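A.B. asks: Mind having a look at this structure? Questions to follow.
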There are 2 protein chains.
Amino acid sequence: MRMRRQATLASLAAELGVSRTTVSNAYNRPDQLSPELRRRVLETARRLGYPGPDPVARSLRTRKAGAVGLLLTENLSYAFRDSAAIGVLEGLALACEDAGVGLHLVPASPGRDDVAAVHSAGVDGFVVYSVPDDDPHLAAVLARPVPTVIIDQPQVEGVDRVGPDDPVAITELAEHLIGLGHRQVGVLCMRLGRDRNDDFVSAERQREAHFHVQRSRLEALATAFTKAGVDWATVPVVERFDHTVDDGASAARQLLGSYPQVTALICTSDILALGALAEADRRGLRVPSDLTVTGFDGITEAERAGLTTVHQPVLEKGRAAGKLLLASADHVNPRVITLPTELRIGTTSAPPRTMEQHWFGP
Amino acid sequence: MRMRRQATLASLAAELGVSRTTVSNAYNRPDQLSPELRRRVLETARRLGYPGPDPVARSLRTRKAGAVGLLLTENLSYAFRDSAAIGVLEGLALACEDAGVGLHLVPASPGRDDVAAVHSAGVDGFVVYSVPDDDPHLAAVLARPVPTVIIDQPQVEGVDRVGPDDPVAITELAEHLIGLGHRQVGVLCMRLGRDRNDDFVSAERQREAHFHVQRSRLEALATAFTKAGVDWATVPVVERFDHTVDDGASAARQLLGSYPQVTALICTSDILALGALAEADRRGLRVPSDLTVTGFDGITEAERAGLTTVHQPVLEKGRAAGKLLLASADHVNPRVITLPTELRIGTTSAPPRTMEQHWFGP
DNA sequence: AAACCGTTCTGAACCGTTACGGTTCCCGTA
DNA sequence: TACGGGAACCGTAACGGTTCAGAACGGTTT
């Protein structure tokens, strides 16, 4: 531990017998003073142990913090274990790196209602990722007079946003399953609100989900299956608060325990889907002949497992958000960037076993 | 994009006809004013769109930024792809989260000599991870009058440090290989300096490596094998600047291309080792019967592959560094935390094929 | 009646820097 | 010689808060 700090720009100036402005210029605008004087300033600074202009004071004066805040209401343990989240983080970090600004991770796990961290983050803007629309941290961020970009969710009026077109993407997936002949499906989804509900999800809870992405995916699924003649009210949906492979497995266990007739498990993330695959294996169900499983995200592990999923460019998502934020100088209207998605049909989806082998495809 | 900001604590005070102190107290010391007045202050704040005390101004006055900086001279793409690095990051983030402080990622890829980002980071301390000892960013960090904790490397006099006992750990591994009978070994290592050298490493370069961890591992290996009668000068060492599985594979290719007689590849990281396994496979070499491969770190993927490696608690490393930093108030002497490591013998190490099957173990 | 008390609020100093708009001085030029 | 112009440096006013030592006040104790 080293600590001294007594030297300030002012004391340096006094020592040298020059004005503070000149010392400041020695650091920030070398062309404003003679090379000789500048050399002397820097030399004296070294001698006095002056570490250069204080970043905080500078930020106050210049109204630039040189950092972007990331609000992520997720347990870090999960955030850092989910490649989709890591991809976003990486993309954002890359954008920041390109611009030479720091990335400030705001401490805000779910459950922690302490918003102080948002208030005390010295940043020039925020990126919000995977936060429910009623989260107090979000409100705190929006109250701050700095630009904000939201990734995926929540959808907030008048705020820049980056994300895929979830309804379109998931509809494509639904049509793939419908085409294969699936009519008895079940859904595993990530948490829908700030309260823990590791259980089946009521229709009301589906409608009122505070995670926009999850809600819109469920809605799109409902629409697609209803159109195919399925009564959505009969479709079981199981929710998990935490987002791990094990949670996916337990969700699948719970769902299949009560609805063994289900022929396809639609998971709103690859992580959950990987868990579902594990559970299917444990039960001796063969995928896809006995059970179809689908995911969402298109992470590497999913690809390796041959999962049928919707791929989205997660890294690009983070990077786009960062660029958008850092470029938010000369625009007024909120901008929305919609990212392309791609249905990737793997080896985990096939017509249901109980069906005669019809092909309903186009 | 939202932008207004005209309201300040002063303007609020003026509007209310009270002193600035009182407004400040309304936010920071509710007990210092009557509930009624406080209510009025907050109410007026809302009406005026005052977002609460400015974090930067507050930081300036209180000399607390509420954030910890992380210096990591590594391409983020690699940092976020290596589970060892992610583990450290996660541990550090957890420690920060516990303390309610932010984690500020300083943009500093290798090659970028722009130290400004270090100077402009408003943080209460730094954690340094995986940085060569001659890196200018490091110098800039050490010049800042804030506490610093270094993870693994570099080893800097008088600065707190967290890391495993590399020499002991790698010696244990070396003895395992020696015990198995390996005498013709090759080494794949991560980059040794800031300059790119994707090639064989001279003895001099080994001695003068600026990455302390890599250097000390090489030294320990040299010592152990010399003791076993091996002339270290004859042991090929291949270096890779980037740290990906593919780089591990190409390094293995280069090494085995010139030294096909090698019976064991010692890799200084699991990532490289995984690449070596891939290359072995490509060549039709069976592991471990034709070739022994070892790693270092003990990441999940390595475990899955059955790699013989040295496991170290990466998450704990990050967390310990964070705690150390955040607790650095009441100590004077630099503290060193040495983390336990464990040799994990997997299925990728066995006696060399060319030997009669002796067992040299204890 | 004097001394003391806690509560509530204020004034002024300070945190360390940069922006802005000068001033001074020297040099070349008409 | 007067004048324009650039280089080098400076003084002042923010930037937006927090903090600390009191002041004012109504009431209680001695």
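The way I read the labels, and the way they are meant: chains A, B, ... in the order of the structure tokens, residue 1 as the first residue of every chain, and ligand 1 as the first ligand shown, with later ones counted on from there.
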Tell me the residues of chain A close to chain D, meaning within 9 Å using only C-alpha atoms (C1' of nucleotides), as a list in words.
C.D. replies: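 Within 9 Å of chain D on chain A, we get Val18, Ser19, Arg20, Thr21, Thr22, Gln32, Leu33, Ser34, Ala57, Ser59, Leu60, Arg61, Thr62 and Arg63 of chain A.
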A.B. asks: Could you save those same residues with N, CA and C atoms as a PDB file, in the first residue's frame?
C.D. replies:
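selection_33.pdb was written with the following content:
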```pdb
ATOM      1  N   VAL A  18       4.727  29.436 -11.164  1.00  0.00           N
ATOM      2  CA  VAL A  18       3.919  29.690 -12.363  1.00  0.00           C
ATOM      3  C   VAL A  18       2.453  29.525 -11.993  1.00  0.00           C
ATOM      4  N   SER A  19       1.594  29.817 -12.923  1.00  0.00           N
ATOM      5  CA  SER A  19       0.173  29.691 -12.604  1.00  0.00           C
ATOM      6  C   SER A  19      -0.301  28.257 -12.736  1.00  0.00           C
ATOM      7  N   ARG A  20      -1.402  27.993 -12.128  1.00  0.00           N
ATOM      8  CA  ARG A  20      -1.973  26.648 -12.220  1.00  0.00           C
ATOM      9  C   ARG A  20      -2.294  26.317 -13.674  1.00  0.00           C
ATOM     10  N   THR A  21      -2.783  27.288 -14.366  1.00  0.00           N
ATOM     11  CA  THR A  21      -3.104  27.076 -15.781  1.00  0.00           C
ATOM     12  C   THR A  21      -1.911  26.488 -16.529  1.00  0.00           C
ATOM     13  N   THR A  22      -0.778  27.050 -16.254  1.00  0.00           N
ATOM     14  CA  THR A  22       0.410  26.591 -16.970  1.00  0.00           C
ATOM     15  C   THR A  22       0.729  25.132 -16.654  1.00  0.00           C
ATOM     16  N   GLN A  32       0.914  24.872 -25.622  1.00  0.00           N
ATOM     17  CA  GLN A  32       0.594  26.168 -25.033  1.00  0.00           C
ATOM     18  C   GLN A  32       1.731  26.748 -24.188  1.00  0.00           C
ATOM     19  N   LEU A  33       2.792  26.000 -24.067  1.00  0.00           N
ATOM     20  CA  LEU A  33       3.893  26.552 -23.277  1.00  0.00           C
ATOM     21  C   LEU A  33       5.217  26.085 -23.882  1.00  0.00           C
ATOM     22  N   SER A  34       6.266  26.750 -23.515  1.00  0.00           N
ATOM     23  CA  SER A  34       7.560  26.422 -24.114  1.00  0.00           C
ATOM     24  C   SER A  34       8.018  25.046 -23.656  1.00  0.00           C
ATOM     25  N   ALA A  57     -11.266  15.353 -10.252  1.00  0.00           N
ATOM     26  CA  ALA A  57     -11.378  16.805 -10.389  1.00  0.00           C
ATOM     27  C   ALA A  57     -11.491  17.170 -11.867  1.00  0.00           C
ATOM     28  N   SER A  59     -12.680  15.295 -14.207  1.00  0.00           N
ATOM     29  CA  SER A  59     -14.013  14.917 -14.679  1.00  0.00           C
ATOM     30  C   SER A  59     -15.039  15.971 -14.306  1.00  0.00           C
ATOM     31  N   LEU A  60     -14.917  16.457 -13.110  1.00  0.00           N
ATOM     32  CA  LEU A  60     -15.888  17.457 -12.655  1.00  0.00           C
ATOM     33  C   LEU A  60     -15.838  18.675 -13.579  1.00  0.00           C
ATOM     34  N   ARG A  61     -14.628  19.103 -13.849  1.00  0.00           N
ATOM     35  CA  ARG A  61     -14.481  20.308 -14.655  1.00  0.00           C
ATOM     36  C   ARG A  61     -14.864  20.076 -16.125  1.00  0.00           C
ATOM     37  N   THR A  62     -14.423  18.993 -16.669  1.00  0.00           N
ATOM     38  CA  THR A  62     -14.659  18.768 -18.102  1.00  0.00           C
ATOM     39  C   THR A  62     -16.022  18.130 -18.387  1.00  0.00           C
ATOM     40  N   ARG A  63     -16.661  17.675 -17.334  1.00  0.00           N
ATOM     41  CA  ARG A  63     -17.946  16.995 -17.507  1.00  0.00           C
ATOM     42  C   ARG A  63     -17.807  15.759 -18.401  1.00  0.00           C
TER      43      ARG A  63
END
```
A.B. asks: Matching each Cα of chain B to the same-order Cα of chain A and superposing by least squares, what RMSD do you find?
C.D. replies: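 The C-alpha RMSD comes out at 0.1 Å.
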A.B. asks: Pull out every residue of chain C that has at least one atom within 9 Å of chain A, counting only C-alpha atoms (C1' of nucleotides), and report them as an mmCIF file with N, CA and C atoms (P, O5', C5', C4', C3', O3' and C1' of nucleotides), in the first residue's frame.
C.D. replies:
```
data_model
loop_
_atom_site.group_PDB
_atom_site.id
_atom_site.type_symbol
_atom_site.label_atom_id
_atom_site.label_comp_id
_atom_site.auth_asym_id
_atom_site.auth_seq_id
_atom_site.Cartn_x
_atom_site.Cartn_y
_atom_site.Cartn_z
ATOM 1 P P DC C 15 -8.499 21.647 0.430
ATOM 2 O "O5'" DC C 15 -8.921 20.346 -0.348
ATOM 3 C "C5'" DC C 15 -10.038 19.544 0.008
ATOM 4 C "C4'" DC C 15 -10.528 18.824 -1.233
ATOM 5 C "C3'" DC C 15 -9.623 19.032 -2.448
ATOM 6 O "O3'" DC C 15 -8.759 17.915 -2.570
ATOM 7 C "C1'" DC C 15 -11.958 19.333 -2.995
ATOM 8 P P DG C 16 -7.203 18.172 -2.836
ATOM 9 O "O5'" DG C 16 -7.153 18.381 -4.408
ATOM 10 C "C5'" DG C 16 -7.557 17.299 -5.233
ATOM 11 C "C4'" DG C 16 -7.694 17.797 -6.641
ATOM 12 C "C3'" DG C 16 -6.451 18.527 -7.156
ATOM 13 O "O3'" DG C 16 -6.039 17.866 -8.334
ATOM 14 C "C1'" DG C 16 -8.404 19.792 -7.574
ATOM 15 P P DT C 17 -4.929 18.426 -9.273
ATOM 16 O "O5'" DT C 17 -5.793 19.109 -10.402
ATOM 17 C "C5'" DT C 17 -6.601 18.265 -11.221
ATOM 18 C "C4'" DT C 17 -7.669 19.023 -11.937
ATOM 19 C "C3'" DT C 17 -7.203 19.857 -13.111
ATOM 20 O "O3'" DT C 17 -7.289 19.065 -14.274
ATOM 21 C "C1'" DT C 17 -8.985 20.894 -11.867
ATOM 22 P P DT C 18 -6.616 19.597 -15.609
ATOM 23 O "O5'" DT C 18 -7.790 20.495 -16.221
ATOM 24 C "C5'" DT C 18 -9.028 19.872 -16.516
ATOM 25 C "C4'" DT C 18 -10.010 20.923 -16.995
ATOM 26 C "C3'" DT C 18 -9.586 21.649 -18.270
ATOM 27 O "O3'" DT C 18 -10.774 21.832 -19.021
ATOM 28 C "C1'" DT C 18 -9.944 23.222 -16.563
ATOM 29 P P DA C 19 -10.749 22.297 -20.515
ATOM 30 O "O5'" DA C 19 -11.572 23.646 -20.440
ATOM 31 C "C5'" DA C 19 -12.924 23.588 -20.003
ATOM 32 C "C4'" DA C 19 -13.548 24.966 -20.069
ATOM 33 C "C3'" DA C 19 -13.295 25.716 -21.372
ATOM 34 O "O3'" DA C 19 -14.491 26.418 -21.698
ATOM 35 C "C1'" DA C 19 -12.355 26.931 -19.549
#
```
A.B. asks: Among region 27-105 of chain A, which ones does DSSP assign to strand (DSSP E or B) (computed from the backbone)? Answer as a VMD selection string.
C.D. replies: chain A and resid 67 to 72 102 to 105
A.B. asks: Using the selection just defined, write its residues with C-alpha atoms as a PDB file, in the first residue's frame.
C.D. replies:
```
ATOM      1  CA  ALA A  67     -16.338   5.623 -18.674  1.00  0.00           C
ATOM      2  CA  VAL A  68     -19.520   3.848 -19.580  1.00  0.00           C
ATOM      3  CA  GLY A  69     -21.651   2.174 -16.950  1.00  0.00           C
ATOM      4  CA  LEU A  70     -23.128  -1.263 -17.369  1.00  0.00           C
ATOM      5  CA  LEU A  71     -26.250  -2.062 -15.443  1.00  0.00           C
ATOM      6  CA  LEU A  72     -26.897  -5.758 -15.265  1.00  0.00           C
ATOM      7  CA  GLY A 102     -13.543   2.518 -19.336  1.00  0.00           C
ATOM      8  CA  LEU A 103     -16.337   0.087 -18.633  1.00  0.00           C
ATOM      9  CA  HIS A 104     -17.838   0.483 -15.199  1.00  0.00           C
ATOM     10  CA  LEU A 105     -19.716  -2.542 -13.908  1.00  0.00           C
TER      11      LEU A 105
END
```
A.B. asks: Quick one: which residues from chain A are at most 7 Å off chain B, using only C-alpha atoms, as a ChimeraX atom specification?
C.D. replies: /A:1-5,51,55-57,59-60,66,76-77,80,86,90,94,97,100-107,117,119-122,143-148,159-160,332,334
A.B. asks: Using the selection just defined, write its residues with N, CA and C atoms as a compact mmCIF listing (two decimals), in the first residue's frame.
C.D. replies:
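Written output follows (result-v9.txt):
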```
# COMPACT_ATOMS: atom_id res chain seq x y z
N MET A 1 0.84 -1.21 0.00
CA MET A 1 0.00 0.00 0.00
C MET A 1 0.87 1.25 0.00
N ARG A 2 0.63 2.08 -0.97
CA ARG A 2 1.38 3.33 -1.03
C ARG A 2 0.39 4.48 -0.95
N MET A 3 0.75 5.46 -0.25
CA MET A 3 -0.16 6.59 -0.04
C MET A 3 0.68 7.81 0.28
N ARG A 4 0.49 8.84 -0.45
CA ARG A 4 1.09 10.08 0.00
C ARG A 4 0.16 11.23 -0.36
N ARG A 5 0.14 11.61 -1.59
CA ARG A 5 -0.75 12.65 -2.07
C ARG A 5 -0.77 13.85 -1.16
N PRO A 51 1.35 12.97 -9.10
CA PRO A 51 0.98 11.92 -10.05
C PRO A 51 0.22 12.42 -11.26
N PRO A 55 -8.00 12.61 -11.66
CA PRO A 55 -9.05 12.27 -12.63
C PRO A 55 -10.42 12.75 -12.22
N VAL A 56 -10.69 12.71 -10.96
CA VAL A 56 -12.03 13.10 -10.53
C VAL A 56 -12.25 14.60 -10.68
N ALA A 57 -11.27 15.35 -10.25
CA ALA A 57 -11.38 16.81 -10.39
C ALA A 57 -11.49 17.17 -11.87
N SER A 59 -12.68 15.29 -14.21
CA SER A 59 -14.01 14.92 -14.68
C SER A 59 -15.04 15.97 -14.31
N LEU A 60 -14.92 16.46 -13.11
CA LEU A 60 -15.89 17.46 -12.65
C LEU A 60 -15.84 18.67 -13.58
N GLY A 66 -15.10 9.61 -18.91
CA GLY A 66 -14.27 8.63 -19.61
C GLY A 66 -14.65 7.20 -19.28
N LEU A 76 -23.75 -12.12 -10.73
CA LEU A 76 -22.57 -12.16 -11.56
C LEU A 76 -22.16 -13.59 -11.87
N SER A 77 -22.37 -14.46 -10.92
CA SER A 77 -21.99 -15.85 -11.14
C SER A 77 -22.69 -16.38 -12.38
N PHE A 80 -21.42 -14.42 -15.68
CA PHE A 80 -20.12 -14.82 -16.20
C PHE A 80 -20.09 -16.28 -16.63
N ILE A 86 -21.69 -13.23 -21.63
CA ILE A 86 -20.27 -12.91 -21.80
C ILE A 86 -20.03 -12.29 -23.16
N GLU A 90 -18.36 -8.83 -23.79
CA GLU A 90 -17.16 -8.70 -24.60
C GLU A 90 -17.35 -7.65 -25.70
N LEU A 94 -15.29 -4.27 -26.11
CA LEU A 94 -14.54 -3.94 -27.33
C LEU A 94 -14.85 -2.53 -27.81
N GLU A 97 -13.16 -0.17 -25.56
CA GLU A 97 -11.73 -0.19 -25.79
C GLU A 97 -11.39 0.64 -27.03
N GLY A 100 -11.47 4.05 -26.17
CA GLY A 100 -10.57 4.43 -25.09
C GLY A 100 -11.27 4.84 -23.80
N VAL A 101 -12.48 4.37 -23.62
CA VAL A 101 -13.18 4.69 -22.37
C VAL A 101 -13.33 3.43 -21.52
N GLY A 102 -13.44 3.64 -20.25
CA GLY A 102 -13.54 2.52 -19.34
C GLY A 102 -14.93 1.93 -19.30
N LEU A 103 -15.03 0.73 -18.78
CA LEU A 103 -16.34 0.09 -18.63
C LEU A 103 -16.57 -0.15 -17.15
N HIS A 104 -17.59 0.50 -16.63
CA HIS A 104 -17.84 0.48 -15.20
C HIS A 104 -18.99 -0.46 -14.88
N LEU A 105 -18.67 -1.58 -14.27
CA LEU A 105 -19.72 -2.54 -13.91
C LEU A 105 -20.38 -2.10 -12.61
N VAL A 106 -21.66 -1.83 -12.69
CA VAL A 106 -22.39 -1.34 -11.52
C VAL A 106 -22.84 -2.53 -10.69
N PRO A 107 -22.53 -2.53 -9.40
CA PRO A 107 -22.95 -3.66 -8.56
C PRO A 107 -24.45 -3.60 -8.33
N ALA A 117 -25.36 2.60 -5.73
CA ALA A 117 -24.26 2.35 -6.67
C ALA A 117 -24.52 3.03 -8.02
N HIS A 119 -26.19 5.79 -8.32
CA HIS A 119 -26.01 7.22 -8.07
C HIS A 119 -24.55 7.61 -7.98
N SER A 120 -23.72 6.67 -7.58
CA SER A 120 -22.33 7.06 -7.35
C SER A 120 -21.40 6.66 -8.49
N ALA A 121 -21.98 6.18 -9.57
CA ALA A 121 -21.13 5.77 -10.69
C ALA A 121 -20.79 7.00 -11.55
N GLY A 122 -19.51 7.29 -11.60
CA GLY A 122 -19.08 8.43 -12.42
C GLY A 122 -18.91 8.01 -13.86
N ALA A 143 -33.04 8.26 -14.39
CA ALA A 143 -33.11 9.57 -13.76
C ALA A 143 -31.81 10.34 -13.94
N ARG A 144 -30.75 9.60 -14.19
CA ARG A 144 -29.46 10.28 -14.37
C ARG A 144 -29.46 11.02 -15.70
N PRO A 145 -28.88 12.21 -15.72
CA PRO A 145 -28.93 13.01 -16.94
C PRO A 145 -27.86 12.61 -17.94
N VAL A 146 -27.78 11.35 -18.23
CA VAL A 146 -26.80 10.88 -19.21
C VAL A 146 -27.49 9.95 -20.20
N PRO A 147 -26.93 9.83 -21.39
CA PRO A 147 -27.55 8.96 -22.38
C PRO A 147 -27.55 7.50 -21.93
N THR A 148 -28.52 6.78 -22.40
CA THR A 148 -28.67 5.38 -22.01
C THR A 148 -29.05 4.55 -23.23
N VAL A 159 -35.97 5.64 -25.33
CA VAL A 159 -34.59 5.32 -25.03
C VAL A 159 -34.01 4.44 -26.13
N ASP A 160 -32.78 4.71 -26.51
CA ASP A 160 -32.13 3.92 -27.54
C ASP A 160 -32.14 2.44 -27.16
N VAL A 332 -31.33 13.14 -31.83
CA VAL A 332 -32.39 13.54 -30.91
C VAL A 332 -33.36 12.39 -30.70
N PRO A 334 -34.84 8.75 -30.40
CA PRO A 334 -34.29 7.48 -29.95
C PRO A 334 -34.07 6.58 -31.15
```
A.B. asks: As an exercise, work out the distance from C1' of DC4 (chain C) to CA of Leu37 (chain B) in Å and give it to one decimal place.
C.D. replies: 27.0 Å
A.B. asks: Quote the spacing between CA of Phe241 (chain A) and CA of Arg196 (chain A) in Å to one decimal place.
C.D. replies: 5.6 Å
A.B. asks: For CA of Asp247 (chain B) and CA of Gln206 (chain B), quote the distance in Å rounded to one decimal.
C.D. replies: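 We find that CA of Asp247 (chain B) and CA of Gln206 (chain B) lie 19.1 Å from each other.
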A.B. asks: Give the helix (DSSP H, G or I) residues of region 181-330 of chain B, as assigned by DSSP on the backbone, as a PyMOL selection string.
C.D. replies: chain B and resi 203-207+212-227+232-234+245-258+270-282+300-304+314-326
